[in-house]
Each structure stands twice: as C-alpha cells, then as structure tokens.
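To keep things clear, I will list the structure first and then write my remarks on it.
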Amino acid sequence: MERQMCFLILSVLLLTVLNSALAQTKPSGVELGAALTLRPTFSGSITGIVWKLNGDLVAEWLNNEFEYYATFRDRTTLDPTTGELVVKNVAVADAGLYTVEINSNVQSQKYQVEVMKKVSKPTVVIRPLTCNKDAESCSLACVGETKDAGTVTYSWREDDGEWKEGKESRDIMNDPVIRKIRTFSCRLKNAISVNESEPHENPFFQEKHLIWPEGFKFRSALSLSHIHEGSERVNTQSNDVVNIKNTQSYSGQQCENTWQQHSLSKLL
Ligand SMILES: *[C@@H]1O[C@H](CO)[C@@H](O)[C@H](O)[C@H]1NC(C)=O
C-alpha cells in the first residue's frame, strides 16, 4: 500500500514536470503596421475560443457569436475552425503575452509578441576619419537605423567570405592578414528583417603581398643613389612603394636611419 502511494506521488510529480516542460511560450516578432497571425496548436473540434492579451480580452467565439474587444475591433478576425487569430495594422500597444482558451481550457502554448521595425540598410564607417594606409590600426563600425528594432545582431564579411557574427564595431590592424582583404561588409538582423551594407574598401588593402625574408639584402639598380648593397630592412607600404633603411656606410660615412622611398619596379 505504501509502495503504491509512493508510485502515485511519483507519477503526479512526473506529470507536473512534463506539463511545465510542454507549456511553452513562443516568441514572435511582427513589424509595426503589419498583420499578426497566431495559430493555436489544437486539433479537434472547437466549440469555443477566447483570446487574451496580458489577461485582457481580445476576441472570442462563443455560442456561434464573435466578439472583438477594445482596439481590436474592426481589424481582427478569428477563425472558428482552427482558432487562428489575425490582427491587422499592429501597433506597439499590441505587444505582450497572448493566451488562448479553447473549449474552456487554457492552452499551454502562449505567444510572446514583440512589435518592431525592420532594420535599415547599414553602412560601414571607418574611424577615425583620418584613417589611411599608414595607420597602425583603425576601427570599422556598422551604422544603421536600429531604433525600435528589438534585439539586433551584427555580422561582418571579408570580401565574399562567410558572414560571421560580431559586434557593432571592430578593430582592424594594419598587418599582412588584413592587408589581403579588399572590402568589408556588414549586416544587421533582427527578428523580422535582415539588411546588408555595400562592401567598403579596406583602408589597408594591398594588391601585392611582398614578404621579405628576415635579413633580406638586395643589390639595387639605384646604387648611384645613396642606397647600397647591404640595405637590410624593407617594408612594403603600398602597392609599389618601398621604404628602405640604409644601414651601410656610404663613402666611409655612416648613414644612420636614412629612409628613402622608391618605386618597387625600379628596385626589382
Ligand atoms: C534594406 O533597406 C533599404 C532601406 O533602408 C530598403 O530599401 C531595402 O529594401 C532593404 N533590403 C532588404 C533586403 O530588406
């Protein structure tokens, strides 16, 4: 007898747990001014429907009669065979928790409705405004209209690569990896829309990727100028201009920290 009691209690507990797991709240986003459609997950014959928003009556179908309440009048329809509720021209005040009673039973499926605007087309903005190819690092911002758009996520794309979720802004370093990227694009997304920017030129982009070996020495055709065999450090700075640091002596004199710019094509 005691064992049976135990089993009963356990079953009741299990059922309670199961029931609360099944009781779901479905989030749904709807655009301001658009139509909201909520469809109950009920199969069987329906004899009565009552929809509520935050506990207040929205619409009902009881004893073969329709009733629509408050601001829902004239823009709401209820389908008595499926229980589907359609509200046109949705306003901010229509947001909240919708519940439905079918045949006098409150359904476990609830609907959390968020009313929002679509995101606009963003643009990639480079900061600071003075950012150029000689800077060490700059930052990119994804700028668009996200007011009243709810939760917005940001993604970034390098050239035609994959979209990767990130933040509203990101830093870029002037390093060999970044210099290979031609353009950056960004994308805004919320529950009801997605829109992407035009690709923006990478300020650090370099057509040629010259990687000079450590301790690289070159024999220059410009030996008539002040550059000699033994110039060691070469940094590529743009498409075809190199900076050369001459660490060798010239005519017996030490030329220290002499940086000169030459066109790469002249040197090679
Ligand atoms: C992106 O937004 C612009 C205006 O901000 C709009 O004209 C365009 O249709 C949108 N594109 C998409 C794919 O929603």
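By convention in this document, the chains of the structure tokens carry letters A, B, ... by their order, each chain's residues are numbered from 1, and ligands are numbered from 1 in the order they are shown.
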**Report entry** Near-ligand residues for ligand 1, threshold 10 Å, only C-alpha atoms and all ligand atoms, as an MDAnalysis selection string
**Finding:** chainID A and resid 118:122 144:145 188:189 192:197
Query raised in the report: Could you pull out the helix (DSSP H, G or I) residues of stretch 140-208 of chain A from DSSP and send them as a list in words?
Result: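 Written out, the helix (DSSP H, G or I) residues of stretch 140-208 of chain A are Pro176, Val177, Ile178 and Arg179 of chain A.
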Residue subset to file, keeping C-alpha atoms, as a PDB file, in the first residue's frame:
```
ATOM      1  CA  PRO A 176      49.662  41.093 -43.535  1.00  0.00           C
ATOM      2  CA  VAL A 177      46.395  39.226 -42.928  1.00  0.00           C
ATOM      3  CA  ILE A 178      44.221  42.333 -43.042  1.00  0.00           C
ATOM      4  CA  ARG A 179      46.154  43.835 -45.970  1.00  0.00           C
TER       5      ARG A 179
END
```
Query - strand (DSSP E) call set, DSSP backbone run, stretch 87-188 of chain A, as a ChimeraX atom specification - result: /A:87,96-102,105-106,110-116,123-127,137-143,153-158,164-166,169-173,183-188
Query - Who sits within 10 Å of stretch 48-64 of chain A, only C-alpha atoms, same chain under 6 positions skipped, as a PyMOL selection string - result: chain A and resi 38+70-73+76-85+87+94-106+111-113
Report task. Name the closest residue to A:Glu201 among the candidates A:Lys164, A:Lys110, A:Arg170, A:Lys133; distances are taken between atoms, counting only C-alpha atoms. Result -> A:Lys133
Query raised in the report: Taking only C-alpha atoms into account, which of A:Thr146, A:Leu36, A:Glu136, A:Pro128 comes nearest A:Ala91?
Result: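 Closest to A:Ala91, using only C-alpha atoms: A:Leu36.
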Query raised in the report: atom CA of A:Phe205 to atom CA of A:Ser155: how many Å, to one decimal?
Result: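 Separation between atom CA of A:Phe205 and atom CA of A:Ser155: 20.5 Å.
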Query raised in the report: Of the candidates A:Thr151, A:Gln24, A:Ser185, A:Thr37, which one gets nearest to A:Val90 if we count only C-alpha atoms?
Result: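 Counting only C-alpha atoms, the residue closest to A:Val90 is A:Thr37.
Rounded to one decimal, atom CA of A:Glu162 and atom CA of A:Leu140 lie 17.5 Å from each other.
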Report task. Find, counting only C-alpha atoms, the residue in A:Ala141, A:Glu207, A:Phe42, A:Ser108 that gets nearest to A:Leu129. Result ->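 Under the stated criterion, the closest residue is A:Ala141.
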